[in-house]
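Engineer: Contents of input-v2.cif (mmCIF, C-alpha atoms) are below:
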data_run
#
loop_
_atom_site.label_atom_id
_atom_site.label_comp_id
_atom_site.auth_asym_id
_atom_site.auth_seq_id
_atom_site.Cartn_x
_atom_site.Cartn_y
_atom_site.Cartn_z
CA MET A 1 11.24 -11.98 13.33
CA ALA A 2 8.17 -10.52 14.99
CA GLY A 3 5.72 -12.99 16.41
CA TYR A 4 2.64 -13.34 18.51
CA ILE A 5 3.74 -11.53 21.60
CA ASN A 6 2.22 -12.32 24.98
CA GLU A 7 2.12 -8.70 26.06
CA GLU A 8 -1.43 -8.22 27.21
CA ILE A 9 -2.49 -4.80 28.38
CA SER A 10 -5.61 -3.28 29.90
CA PRO A 11 -8.29 -1.25 28.06
CA GLU A 12 -6.97 1.87 29.84
CA GLU A 13 -3.48 1.25 28.48
CA VAL A 14 -4.91 0.75 24.99
CA ALA A 15 -6.68 4.12 25.25
CA GLN A 16 -3.38 5.72 26.35
CA GLU A 17 -1.57 4.20 23.38
CA GLN A 18 -4.21 5.50 20.99
CA ALA A 19 -3.96 9.01 22.46
CA LEU A 20 -0.16 8.92 22.21
CA TYR A 21 0.53 7.27 18.86
CA GLY A 22 -2.62 8.35 16.98
CA PRO A 23 -1.54 12.02 16.62
CA LEU A 24 2.02 11.04 15.56
CA THR A 25 0.76 8.68 12.87
CA ASP A 26 -1.81 11.21 11.71
CA GLY A 27 0.87 13.90 11.46
CA LEU A 28 3.12 11.56 9.47
CA ARG A 29 0.26 10.81 7.07
CA ARG A 30 -0.17 14.51 6.41
CA LEU A 31 3.59 14.90 5.99
CA ILE A 32 3.68 12.09 3.40
CA ASP A 33 0.76 13.70 1.59
CA VAL A 34 2.11 17.26 1.46
CA ALA A 35 5.61 16.02 0.51
CA ILE A 36 4.03 14.84 -2.75
CA ARG A 37 2.13 18.09 -3.36
CA THR A 38 4.50 20.76 -2.08
CA ARG A 39 6.02 23.44 -4.32
CA VAL A 40 8.26 25.13 -1.74
CA PRO A 41 11.77 26.12 -2.95
CA ALA A 42 14.66 23.64 -3.13
CA ASP A 43 16.46 25.08 -0.09
CA GLU A 44 13.34 24.62 2.02
CA ILE A 45 13.01 20.99 0.83
CA GLN A 46 16.64 20.43 1.86
CA SER A 47 16.09 22.04 5.25
CA VAL A 48 12.98 19.93 5.90
CA THR A 49 14.92 16.82 4.83
CA LYS A 50 17.52 17.55 7.51
CA GLU A 51 14.79 17.94 10.14
CA VAL A 52 13.26 14.62 9.06
CA GLU A 53 16.65 12.93 9.53
CA GLU A 54 16.82 14.48 13.01
CA LEU A 55 13.43 13.01 13.92
CA VAL A 56 14.49 9.59 12.60
CA ALA A 57 17.53 9.76 14.91
CA ARG A 58 15.40 10.76 17.92
CA LEU A 59 12.94 7.89 17.47
CA SER A 60 15.82 5.45 16.79
CA VAL A 61 17.39 6.06 20.23
CA ASP A 62 15.34 3.16 21.52
CA ALA A 63 13.55 1.02 18.95
CA GLN A 64 12.89 -2.68 18.51
CA GLU A 65 14.68 -4.22 15.54
CA GLU A 66 11.86 -6.37 14.26
CA SER A 67 8.47 -5.36 12.85
CA PHE A 68 5.63 -4.64 15.27
CA GLY A 69 4.02 -8.08 15.16
CA ARG A 70 0.63 -8.77 16.62
CA ARG A 71 -0.06 -8.19 20.27
CA PHE A 72 -3.17 -8.68 22.31
CA THR A 73 -5.14 -6.90 24.97
CA GLN A 74 -6.23 -8.52 28.22
CA ASP A 75 -9.70 -8.99 26.75
CA GLY A 76 -8.25 -10.82 23.77
CA ARG A 77 -8.50 -8.11 21.13
CA VAL A 78 -5.78 -7.78 18.54
CA ARG A 79 -3.38 -4.82 18.67
CA ASN A 80 -1.99 -4.95 15.13
CA TYR A 81 -0.56 -1.46 15.28
CA GLY A 82 1.90 -2.14 12.46
CA ASN A 83 -0.74 -3.33 9.98
CA ALA A 84 -0.31 -1.76 6.52
CA VAL A 85 -4.03 -0.97 6.14
CA MET A 86 -5.29 -0.13 9.63
CA GLY A 87 -2.32 -0.03 12.01
CA LEU A 88 -2.49 2.68 14.70
CA ARG A 89 1.26 3.27 14.34
CA ASN A 90 1.59 2.77 10.58
CA ALA A 91 1.44 5.99 8.54
CA ILE A 92 1.15 3.98 5.32
CA ALA A 93 -2.31 2.86 6.47
CA PRO A 94 -4.93 5.34 5.10
CA PRO A 95 -6.28 4.18 7.69
CA VAL A 96 -9.26 2.03 6.88
CA ILE A 97 -11.20 1.58 10.13
CA VAL A 98 -13.14 -1.61 9.51
CA GLU A 99 -16.63 -1.93 11.03
CA HIS A 100 -18.25 -5.29 11.68
CA ASP A 101 -21.85 -6.32 10.97
CA PRO A 102 -21.82 -9.85 12.44
CA GLU A 103 -25.50 -10.51 11.75
CA ASN A 104 -24.90 -10.27 8.01
CA LYS A 105 -21.31 -11.59 8.21
CA ARG A 106 -20.26 -8.36 6.61
CA ALA A 107 -17.31 -6.01 7.20
CA PHE A 108 -17.25 -2.50 5.79
CA ALA A 109 -15.56 0.90 5.98
CA ASP A 110 -15.95 4.44 4.75
CA PHE A 111 -12.58 6.04 4.16
CA HIS A 112 -10.65 8.68 2.27
CA LEU A 113 -7.68 8.26 -0.08
CA GLY A 114 -5.45 11.21 -0.90
CA ALA A 115 -2.45 11.88 -3.15
CA ALA A 116 -0.33 9.08 -1.65
CA TYR A 117 -2.59 6.37 -3.07
CA GLU A 118 -2.43 7.46 -6.70
CA GLY A 119 -1.90 5.25 -9.72
CA PRO A 120 -3.38 6.74 -12.91
CA PRO A 121 -3.68 10.55 -12.62
CA GLY A 122 -6.29 11.47 -10.01
CA MET A 123 -7.20 7.81 -9.60
CA VAL A 124 -6.59 5.20 -6.91
CA HIS A 125 -3.75 2.82 -7.75
CA GLY A 126 -5.35 -0.46 -8.82
CA GLY A 127 -3.08 -2.31 -6.45
CA VAL A 128 -4.17 -0.13 -3.52
CA SER A 129 -7.75 -1.26 -4.16
CA ALA A 130 -6.54 -4.88 -3.97
CA LEU A 131 -4.61 -4.11 -0.76
CA LEU A 132 -7.68 -2.70 0.98
CA LEU A 133 -10.01 -5.45 -0.27
CA ASP A 134 -7.65 -8.10 1.10
CA GLN A 135 -7.78 -6.53 4.58
CA VAL A 136 -11.55 -5.94 4.71
CA PHE A 137 -12.29 -9.39 3.28
CA GLY A 138 -10.13 -10.92 6.01
CA HIS A 139 -12.37 -9.25 8.60
CA ALA A 140 -15.49 -10.53 6.84
CA ALA A 141 -14.04 -14.05 6.75
CA SER A 142 -13.52 -13.96 10.52
CA LEU A 143 -17.22 -13.06 10.96
CA GLY A 144 -18.05 -16.29 9.12
CA GLY A 145 -16.52 -18.19 12.03
CA SER A 146 -13.39 -19.32 10.24
CA PRO A 147 -10.80 -16.56 10.23
CA GLY A 148 -8.04 -17.26 7.81
CA MET A 149 -5.28 -16.09 5.59
CA THR A 150 -5.95 -15.17 1.99
CA GLY A 151 -5.71 -18.19 -0.31
CA THR A 152 -6.81 -16.50 -3.54
CA LEU A 153 -7.92 -12.95 -4.25
CA THR A 154 -9.52 -12.04 -7.58
CA VAL A 155 -10.08 -8.35 -8.29
CA ARG A 156 -12.13 -7.06 -11.24
CA TYR A 157 -11.73 -3.40 -12.18
CA ARG A 158 -15.02 -2.13 -13.61
CA ARG A 159 -13.91 1.49 -13.95
CA PRO A 160 -11.20 3.74 -12.47
CA THR A 161 -11.70 4.63 -8.79
CA PRO A 162 -11.24 8.36 -8.15
CA LEU A 163 -9.17 9.52 -5.17
CA GLY A 164 -11.42 10.91 -2.42
CA ASP A 165 -14.23 9.53 -0.26
CA LEU A 166 -14.89 5.83 -0.82
CA HIS A 167 -16.73 2.84 0.59
CA ILE A 168 -15.52 -0.74 0.85
CA GLU A 169 -17.26 -3.89 1.98
CA GLY A 170 -17.05 -7.66 2.00
CA ARG A 171 -19.47 -10.34 3.14
CA VAL A 172 -19.23 -14.07 3.60
CA GLU A 173 -20.79 -15.91 0.69
CA LYS A 174 -19.93 -19.45 1.70
CA VAL A 175 -18.19 -21.35 4.51
CA SER A 176 -16.97 -24.85 3.81
CA GLY A 177 -14.82 -26.33 6.59
CA ILE A 178 -11.62 -24.30 6.82
CA LYS A 179 -12.45 -22.39 3.60
CA THR A 180 -14.45 -19.16 3.55
CA THR A 181 -15.50 -17.34 0.39
CA VAL A 182 -15.96 -13.58 0.65
CA VAL A 183 -17.35 -11.26 -2.03
CA GLY A 184 -17.45 -7.48 -2.03
CA HIS A 185 -16.52 -4.23 -3.67
CA ILE A 186 -15.19 -0.68 -3.52
CA ALA A 187 -17.60 2.11 -4.48
CA ASP A 188 -17.56 5.87 -4.97
CA ALA A 189 -20.64 8.14 -4.83
CA ASP A 190 -21.68 6.88 -8.28
CA GLY A 191 -21.52 3.18 -7.44
CA ILE A 192 -19.22 0.19 -7.67
CA THR A 193 -15.78 0.68 -9.21
CA VAL A 194 -14.02 -2.56 -8.23
CA GLU A 195 -15.45 -6.01 -7.44
CA ALA A 196 -13.61 -8.88 -5.82
CA GLU A 197 -13.82 -12.40 -4.51
CA GLY A 198 -11.54 -13.89 -1.88
CA LEU A 199 -10.97 -17.42 -0.68
CA PHE A 200 -9.70 -17.53 2.90
CA ILE A 201 -8.11 -20.58 4.46
CA LEU A 202 -7.38 -21.17 8.14
CA PRO A 203 -3.77 -22.34 8.30
CA ARG A 204 -2.68 -25.07 10.70
CA TRP A 205 -0.86 -22.75 13.13
CA ALA A 206 -4.03 -20.69 13.46
CA ARG A 207 -6.16 -23.78 14.03
CA GLU A 208 -3.80 -24.77 16.83
CA LEU A 209 -3.86 -21.27 18.33
CA ARG A 210 -7.65 -21.29 18.15
CA GLU A 211 -7.81 -24.43 20.23
CA GLU A 212 -5.42 -22.94 22.74
CA ARG A 213 -6.93 -19.45 22.93
CA PRO A 214 -10.47 -19.51 21.49
CA ASP A 215 -11.10 -15.99 22.91
CA ARG A 216 -8.73 -14.57 20.33
CA PHE A 217 -10.86 -15.85 17.50
CA GLU A 218 -14.25 -14.56 18.65
CA MET B 1 -8.52 16.40 -10.21
CA ALA B 2 -4.97 15.75 -11.37
CA GLY B 3 -4.52 15.01 -15.03
CA TYR B 4 -1.98 14.50 -17.74
CA ILE B 5 0.01 17.67 -17.39
CA ASN B 6 1.92 19.13 -20.32
CA GLU B 7 4.91 20.09 -18.22
CA GLU B 8 7.85 18.61 -20.08
CA ILE B 9 11.28 19.02 -18.59
CA SER B 10 14.84 18.19 -19.65
CA PRO B 11 16.92 15.20 -18.47
CA GLU B 12 19.04 17.64 -16.42
CA GLU B 13 15.95 18.90 -14.61
CA VAL B 14 14.84 15.32 -13.94
CA ALA B 15 18.26 14.60 -12.39
CA GLN B 16 17.89 17.71 -10.21
CA GLU B 17 14.45 16.60 -9.07
CA GLN B 18 15.78 13.18 -8.16
CA ALA B 19 18.65 14.69 -6.16
CA LEU B 20 16.25 17.03 -4.34
CA TYR B 21 13.21 14.88 -3.60
CA GLY B 22 14.91 11.47 -3.33
CA PRO B 23 16.55 12.19 0.06
CA LEU B 24 13.33 13.72 1.49
CA THR B 25 11.25 10.69 0.47
CA ASP B 26 13.93 8.31 1.74
CA GLY B 27 14.02 10.13 5.09
CA LEU B 28 10.23 9.98 5.36
CA ARG B 29 10.31 6.23 4.67
CA ARG B 30 12.73 5.74 7.54
CA LEU B 31 10.59 7.97 9.75
CA ILE B 32 7.46 5.89 8.98
CA ASP B 33 9.42 2.73 9.72
CA VAL B 34 10.95 3.81 13.03
CA ALA B 35 7.64 5.34 14.21
CA ILE B 36 6.27 1.78 14.20
CA ARG B 37 9.27 0.30 16.02
CA THR B 38 10.25 3.05 18.47
CA ARG B 39 10.11 2.60 22.24
CA VAL B 40 11.12 6.14 23.26
CA PRO B 41 9.16 7.65 26.20
CA ALA B 42 5.74 9.28 25.78
CA ASP B 43 7.03 12.84 26.19
CA GLU B 44 9.54 12.27 23.38
CA ILE B 45 6.76 10.91 21.12
CA GLN B 46 4.72 14.03 21.88
CA SER B 47 7.69 16.31 21.16
CA VAL B 48 8.39 14.55 17.83
CA THR B 49 4.69 14.82 16.96
CA LYS B 50 4.89 18.61 17.37
CA GLU B 51 7.95 18.75 15.12
CA VAL B 52 6.14 16.69 12.48
CA GLU B 53 3.24 19.17 12.57
CA GLU B 54 5.75 21.97 12.09
CA LEU B 55 7.20 20.28 8.99
CA VAL B 56 3.68 19.74 7.59
CA ALA B 57 3.09 23.49 7.99
CA ARG B 58 6.37 24.38 6.27
CA LEU B 59 5.69 22.19 3.24
CA SER B 60 2.08 23.41 3.08
CA VAL B 61 3.12 27.06 2.59
CA ASP B 62 2.98 26.41 -1.16
CA ALA B 63 1.43 23.15 -2.31
CA GLN B 64 -0.85 22.11 -5.12
CA GLU B 65 -4.29 20.99 -3.99
CA GLU B 66 -4.64 17.99 -6.26
CA SER B 67 -2.63 14.76 -6.37
CA PHE B 68 0.63 14.71 -8.32
CA GLY B 69 -0.76 13.31 -11.57
CA ARG B 70 1.41 12.09 -14.37
CA ARG B 71 3.88 14.38 -16.04
CA PHE B 72 6.33 13.79 -18.83
CA THR B 73 9.90 14.58 -19.72
CA GLN B 74 10.95 16.15 -23.02
CA ASP B 75 11.97 12.72 -24.27
CA GLY B 76 8.52 11.34 -23.48
CA ARG B 77 9.27 9.41 -20.31
CA VAL B 78 6.71 9.33 -17.52
CA ARG B 79 7.34 11.21 -14.29
CA ASN B 80 4.82 9.51 -12.02
CA TYR B 81 6.38 10.84 -8.83
CA GLY B 82 3.19 10.34 -6.83
CA ASN B 83 2.80 6.65 -7.69
CA ALA B 84 2.02 4.50 -4.64
CA VAL B 85 4.54 1.79 -5.56
CA MET B 86 7.44 3.59 -7.24
CA GLY B 87 6.87 7.35 -6.97
CA LEU B 88 10.02 9.43 -6.35
CA ARG B 89 8.04 11.72 -4.03
CA ASN B 90 5.78 9.10 -2.40
CA ALA B 91 7.08 7.75 0.93
CA ILE B 92 4.43 5.02 0.87
CA ALA B 93 6.24 3.46 -2.10
CA PRO B 94 8.81 0.89 -0.79
CA PRO B 95 10.00 1.83 -3.54
CA VAL B 96 9.95 -0.91 -6.12
CA ILE B 97 12.29 0.16 -8.93
CA VAL B 98 11.02 -1.84 -11.90
CA GLU B 99 13.54 -3.06 -14.47
CA HIS B 100 12.55 -3.92 -18.03
CA ASP B 101 13.64 -6.92 -20.10
CA PRO B 102 11.96 -6.07 -23.42
CA GLU B 103 13.34 -9.09 -25.28
CA ASN B 104 11.44 -11.44 -22.98
CA LYS B 105 8.55 -9.01 -22.40
CA ARG B 106 9.37 -9.26 -18.74
CA ALA B 107 9.47 -6.69 -15.94
CA PHE B 108 11.13 -7.42 -12.61
CA ALA B 109 12.48 -5.89 -9.41
CA ASP B 110 14.50 -6.79 -6.36
CA PHE B 111 13.32 -4.86 -3.35
CA HIS B 112 13.09 -4.77 0.43
CA LEU B 113 9.99 -4.57 2.62
CA GLY B 114 10.27 -3.44 6.25
CA ALA B 115 7.92 -3.06 9.22
CA ALA B 116 5.50 -0.75 7.39
CA TYR B 117 4.38 -3.53 5.03
CA GLU B 118 3.35 -6.01 7.70
CA GLY B 119 0.17 -8.08 7.79
CA PRO B 120 0.56 -11.32 9.77
CA PRO B 121 3.41 -11.00 12.32
CA GLY B 122 6.75 -10.73 10.51
CA MET B 123 5.04 -11.34 7.17
CA VAL B 124 4.19 -9.13 4.20
CA HIS B 125 0.52 -8.04 4.17
CA GLY B 126 -1.21 -10.16 1.52
CA GLY B 127 -2.69 -7.01 0.03
CA VAL B 128 0.76 -5.42 -0.28
CA SER B 129 1.81 -8.36 -2.45
CA ALA B 130 -1.23 -7.68 -4.66
CA LEU B 131 -0.37 -3.97 -4.79
CA LEU B 132 3.18 -4.61 -6.01
CA LEU B 133 2.14 -7.30 -8.49
CA ASP B 134 -0.39 -4.91 -10.05
CA GLN B 135 2.33 -2.31 -10.64
CA VAL B 136 4.99 -4.67 -12.01
CA PHE B 137 2.47 -6.50 -14.22
CA GLY B 138 1.44 -3.14 -15.69
CA HIS B 139 5.06 -2.59 -16.75
CA ALA B 140 5.22 -6.06 -18.27
CA ALA B 141 1.97 -5.44 -20.17
CA SER B 142 3.46 -2.29 -21.71
CA LEU B 143 6.42 -4.36 -22.95
CA GLY B 144 3.93 -6.51 -24.84
CA GLY B 145 3.10 -3.49 -26.96
CA SER B 146 -0.32 -2.83 -25.49
CA PRO B 147 -0.01 -0.89 -22.25
CA GLY B 148 -3.20 -0.91 -20.31
CA MET B 149 -5.07 -0.62 -17.10
CA THR B 150 -5.70 -3.66 -14.96
CA GLY B 151 -8.90 -5.45 -15.95
CA THR B 152 -8.61 -8.44 -13.63
CA LEU B 153 -5.92 -9.43 -11.16
CA THR B 154 -5.90 -12.90 -9.57
CA VAL B 155 -3.44 -13.52 -6.75
CA ARG B 156 -2.74 -16.97 -5.29
CA TYR B 157 -0.96 -17.13 -1.94
CA ARG B 158 1.16 -20.28 -1.79
CA ARG B 159 2.77 -19.51 1.56
CA PRO B 160 3.35 -16.43 3.73
CA THR B 161 5.93 -13.97 2.36
CA PRO B 162 8.46 -12.90 5.02
CA LEU B 163 9.38 -9.23 5.38
CA GLY B 164 12.87 -8.59 4.03
CA ASP B 165 14.60 -8.95 0.65
CA LEU B 166 12.26 -10.09 -2.11
CA HIS B 167 12.00 -10.51 -5.86
CA ILE B 168 9.01 -9.80 -8.09
CA GLU B 169 8.45 -10.35 -11.78
CA GLY B 170 5.84 -10.49 -14.49
CA ARG B 171 5.98 -11.46 -18.14
CA VAL B 172 3.57 -11.24 -21.04
CA GLU B 173 1.90 -14.59 -21.68
CA LYS B 174 -0.50 -13.53 -24.43
CA VAL B 175 -1.50 -10.43 -26.39
CA SER B 176 -4.88 -10.39 -28.09
CA GLY B 177 -5.82 -7.02 -29.57
CA ILE B 178 -6.24 -4.56 -26.70
CA LYS B 179 -5.96 -7.35 -24.11
CA THR B 180 -2.67 -8.48 -22.59
CA THR B 181 -2.27 -11.39 -20.17
CA VAL B 182 0.62 -11.21 -17.71
CA VAL B 183 1.76 -13.95 -15.32
CA GLY B 184 4.34 -13.73 -12.56
CA HIS B 185 5.19 -14.07 -8.92
CA ILE B 186 6.85 -12.81 -5.76
CA ALA B 187 9.69 -14.91 -4.32
CA ASP B 188 11.95 -14.96 -1.28
CA ALA B 189 15.32 -16.73 -1.08
CA ASP B 190 13.53 -20.09 -0.80
CA GLY B 191 11.34 -19.64 -3.87
CA ILE B 192 7.89 -18.51 -4.94
CA THR B 193 5.49 -17.31 -2.23
CA VAL B 194 2.75 -15.65 -4.31
CA GLU B 195 1.65 -16.30 -7.90
CA ALA B 196 -0.59 -14.08 -9.98
CA GLU B 197 -2.22 -13.53 -13.34
CA GLY B 198 -3.34 -10.16 -14.67
CA LEU B 199 -5.48 -9.17 -17.62
CA PHE B 200 -4.67 -5.68 -18.87
CA ILE B 201 -6.92 -3.70 -21.18
CA LEU B 202 -6.05 -0.53 -23.06
CA PRO B 203 -8.90 1.91 -22.36
CA ARG B 204 -10.31 4.22 -25.02
CA TRP B 205 -8.70 7.39 -23.65
CA ALA B 206 -5.31 5.71 -23.76
CA ARG B 207 -5.87 4.48 -27.32
CA GLU B 208 -6.64 8.06 -28.32
CA LEU B 209 -3.59 9.43 -26.48
CA ARG B 210 -1.45 6.77 -28.15
CA GLU B 211 -2.52 7.98 -31.58
CA GLU B 212 -1.78 11.55 -30.59
CA ARG B 213 1.54 10.93 -28.80
CA PRO B 214 2.94 7.51 -29.80
CA ASP B 215 6.30 8.42 -28.17
CA ARG B 216 4.66 8.18 -24.76
CA PHE B 217 3.77 4.57 -25.33
CA GLU B 218 7.15 3.25 -26.40
#
Step by step, read the file and then write its structure as structure tokens.
Structural biologist:
Amino acid sequence: MAGYINEEISPEEVAQEQALYGPLTDGLRRLIDVAIRTRVPADEIQSVTKEVEELVARLSVDAQEESFGRRFTQDGRVRNYGNAVMGLRNAIAPPVIVEHDPENKRAFADFHLGAAYEGPPGMVHGGVSALLLDQVFGHAASLGGSPGMTGTLTVRYRRPTPLGDLHIEGRVEKVSGIKTTVVGHIADADGITVEAEGLFILPRWARELREERPDRFE
Amino acid sequence: MAGYINEEISPEEVAQEQALYGPLTDGLRRLIDVAIRTRVPADEIQSVTKEVEELVARLSVDAQEESFGRRFTQDGRVRNYGNAVMGLRNAIAPPVIVEHDPENKRAFADFHLGAAYEGPPGMVHGGVSALLLDQVFGHAASLGGSPGMTGTLTVRYRRPTPLGDLHIEGRVEKVSGIKTTVVGHIADADGITVEAEGLFILPRWARELREERPDRFE
């Protein structure tokens, strides 16, 4: 199982990784997207499928067995490249690049969702909204001083969210010991489509790690 | 915007589509997965990136602009191939193949989550759990006789869910007019990891479509 790996690299190495893996992940995102929308003939689909298998084989020549895990940089920042919402190396991630507004204990992002995030026709899958809210709320919770794992997430769907350009945000409403309450929403150009509330709890292992390496929880 | 498309095809054509697109989507899933885990040298990553761009170009030669939408078969079944959780043509979908137990108004699935669904190291992203619960609960709600869109989804995380083989289920707890309450959970081999409750509401457009085409709501 993947764990917290003590592989700490320099800012220059991080920049190199972004330049190397960013274009691959971006290309894979576009491949996922067009594979849903394409109308090319059956023989072309079969030929592309063979090429995809070839690429799987090439990348499998040397690959770790476990999931990516969470690694750190020398200056204590998280490299969660496998993360399902924002991972540099995860093509499932839209990605949502979360920005931090520490003064207001608020995390937010402007992002775009295409064909791969569909639920009802032309609309964002309700569960995708929940997925993204969970991630952004986790960032907000960490700005409240008590980073944690999601305890409870409640999502209220006010109206369908159209695929396209969207905004998401969460802000700390209350901190009580190891519990942080975050509220927020997803919005399109016409306003809020989904509202949510999250209760985040700092688990014991994280409290221990925080004592050991407080720099990783700044 | 994608919509409800009146493109109804025969069971034979559905089988052909599954045989054609299934292997492409499966290959793309493995490509997403190994792209996270690979350790091949930088020049090989760059070479694979170029090949991916080439495949994007080939599939883009003829592609619809909008998302897949929801299409139907001649016998009224839904072809939601673009769906983010179970779509035949969506490589983001794990997939979760939902089974129906109409007698108990229960929907369930056994499925596997790999490196692409990671949140905490080695664990399923909390938001991914919410994503899958939303989809499976929607199926359960439809078994209660009143299919609907998610109104509210509340997810309680009892302990981290490990990546790997998992089970998910939802069952109708109450139906009250256009409102259906579904409860359920995700479990690993050791038991329940995440519990949830969903309130599903049949929106007006769906009530109108149901009057027009009751066969699509069976």
Engineer: Might you spell out which residues the PyMOL selection byres ((chain A and resi 96) around 10) would select in the displayed file, as a PDB file with C-alpha atoms, in the frame of the given file?
Structural biologist:
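What ended up in result.pdb:
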ATOM      1  CA  ALA A  84      -0.310  -1.760   6.520  1.00  0.00           C
ATOM      2  CA  VAL A  85      -4.030  -0.970   6.140  1.00  0.00           C
ATOM      3  CA  MET A  86      -5.290  -0.130   9.630  1.00  0.00           C
ATOM      4  CA  GLY A  87      -2.320  -0.030  12.010  1.00  0.00           C
ATOM      5  CA  ALA A  93      -2.310   2.860   6.470  1.00  0.00           C
ATOM      6  CA  PRO A  94      -4.930   5.340   5.100  1.00  0.00           C
ATOM      7  CA  PRO A  95      -6.280   4.180   7.690  1.00  0.00           C
ATOM      8  CA  ILE A  97     -11.200   1.580  10.130  1.00  0.00           C
ATOM      9  CA  VAL A  98     -13.140  -1.610   9.510  1.00  0.00           C
ATOM     10  CA  GLU A  99     -16.630  -1.930  11.030  1.00  0.00           C
ATOM     11  CA  PHE A 108     -17.250  -2.500   5.790  1.00  0.00           C
ATOM     12  CA  ALA A 109     -15.560   0.900   5.980  1.00  0.00           C
ATOM     13  CA  ASP A 110     -15.950   4.440   4.750  1.00  0.00           C
ATOM     14  CA  PHE A 111     -12.580   6.040   4.160  1.00  0.00           C
ATOM     15  CA  HIS A 112     -10.650   8.680   2.270  1.00  0.00           C
ATOM     16  CA  LEU A 113      -7.680   8.260  -0.080  1.00  0.00           C
ATOM     17  CA  LEU A 132      -7.680  -2.700   0.980  1.00  0.00           C
ATOM     18  CA  GLN A 135      -7.780  -6.530   4.580  1.00  0.00           C
ATOM     19  CA  VAL A 136     -11.550  -5.940   4.710  1.00  0.00           C
ATOM     20  CA  HIS A 167     -16.730   2.840   0.590  1.00  0.00           C
ATOM     21  CA  ILE A 168     -15.520  -0.740   0.850  1.00  0.00           C
TER      22      ILE A 168
END
Engineer: Written as a short mmCIF file (atom, residue, chain, number, x, y, z; two decimals) with C-alpha atoms, in the frame of the given file, which residues does the PyMOL selection byres ((chain A and resi 100-107) around 6) give for the file shown?
Structural biologist:
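out_4.cif, freshly written:
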data_model
loop_
_atom_site.label_atom_id
_atom_site.label_comp_id
_atom_site.auth_asym_id
_atom_site.auth_seq_id
_atom_site.Cartn_x
_atom_site.Cartn_y
_atom_site.Cartn_z
CA GLU A 99 -16.63 -1.93 11.03
CA PHE A 108 -17.25 -2.50 5.79
CA ALA A 140 -15.49 -10.53 6.84
CA LEU A 143 -17.22 -13.06 10.96
CA GLY A 144 -18.05 -16.29 9.12
CA GLU A 169 -17.26 -3.89 1.98
CA GLY A 170 -17.05 -7.66 2.00
CA ARG A 171 -19.47 -10.34 3.14
CA VAL A 172 -19.23 -14.07 3.60
#
Engineer: Using all atoms listed in the file, which protein or nucleic acid residues come within 6 Å of range 55-59 of chain A? Drop anything in the same chain fewer than 3 positions from it, and give the result as an NGL selection string.
Structural biologist: (:A and (52)) or (:B and (31 or 38))
Engineer: Pick from B:Glu17, B:Glu195, B:Glu211, B:Glu44: nearest to Arg79 in chain B, with only C-alpha atoms counted?
Structural biologist: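 For Arg79 in chain B, the nearest of the given residues is B:Glu17.
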Engineer: Given the file above and the PyMOL selection byres ((chain B and resi 61-71) around 10), which residues are selected, and can you give them as a PyMOL selection string?
Structural biologist: (chain A and resi 33-41+114-123+163) or (chain B and resi 1-9+56-60+72-73+76-83+87+89-90)
Engineer: So how many Å separate CA of Arg207 in chain B and CA of Tyr157 in chain A, to one decimal?
Structural biologist: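 If I compute the distance from CA of Arg207 in chain B to CA of Tyr157 in chain A, I get 18.0 Å.
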Engineer: Could you work out how far CA of Thr25 in chain B lies from CA of Thr49 in chain A, giving the answer in Å with one decimal?
Structural biologist: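 That distance, rounded to one decimal, is 8.4 Å.
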Engineer: Figure out the distance between CA of Glu197 in chain B and CA of Ala187 in chain A, please, to one decimal in Å.
Structural biologist: 23.7 Å
Engineer: If the box runs along x, y and z of the file and leaves 6 Å on each side of range 191-202 of chain B, what are its centre and edge lengths in Å, one decimal, as lines of an AutoDock Vina configuration file?
Structural biologist:
center_x = 2.2
center_y = -10.1
center_z = -12.6
size_x = 30.3
size_y = 31.1
size_z = 32.8
Engineer: Nearest to Arg204 in chain A among A:Leu153, A:Leu131, A:Ile178, A:Leu24, with distances taken over all atoms listed in the file: which residue is it?
Structural biologist: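 Checking each of A:Leu153, A:Leu131, A:Ile178, A:Leu24 against Arg204 in chain A, counting all atoms listed in the file, the winner is A:Ile178.
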Engineer: So, counting all atoms listed in the file, which residue among B:Leu199, B:Ala130, B:Leu166, B:Ala141 is closest to chain A?
Structural biologist: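 Nearest to chain A: B:Ala130.
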Engineer: So, with all atoms listed in the file as the atoms that count, which of A:His139, A:Thr154, A:Ser10, A:Leu88 lies closest to chain B?
Structural biologist: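 Distance minimum relative to chain B lands on A:Thr154.
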Engineer: Smallest atom-to-atom distance to chain B: which of A:Pro162, A:Gly151, A:Pro11, A:Gly22, using all atoms listed in the file?
Structural biologist: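 Of the candidates, the smallest distance to chain B is held by A:Gly151.
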Engineer: Restricting the calculation to all atoms listed in the file, which member of B:Thr152, B:Pro160, B:Gln74, B:Ser146 is positioned closest to Val194 in chain A?
Structural biologist: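 Going through B:Thr152, B:Pro160, B:Gln74, B:Ser146 one by one, the smallest distance to Val194 in chain A is for B:Thr152.
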Engineer: Residues at most 8 Å from Met149 in chain B, counting only C-alpha atoms, excluding those fewer than 6 positions away in the same chain, as a list in words?
Structural biologist: Gly138, Phe200, Ile201, Leu202 and Pro203 of chain B
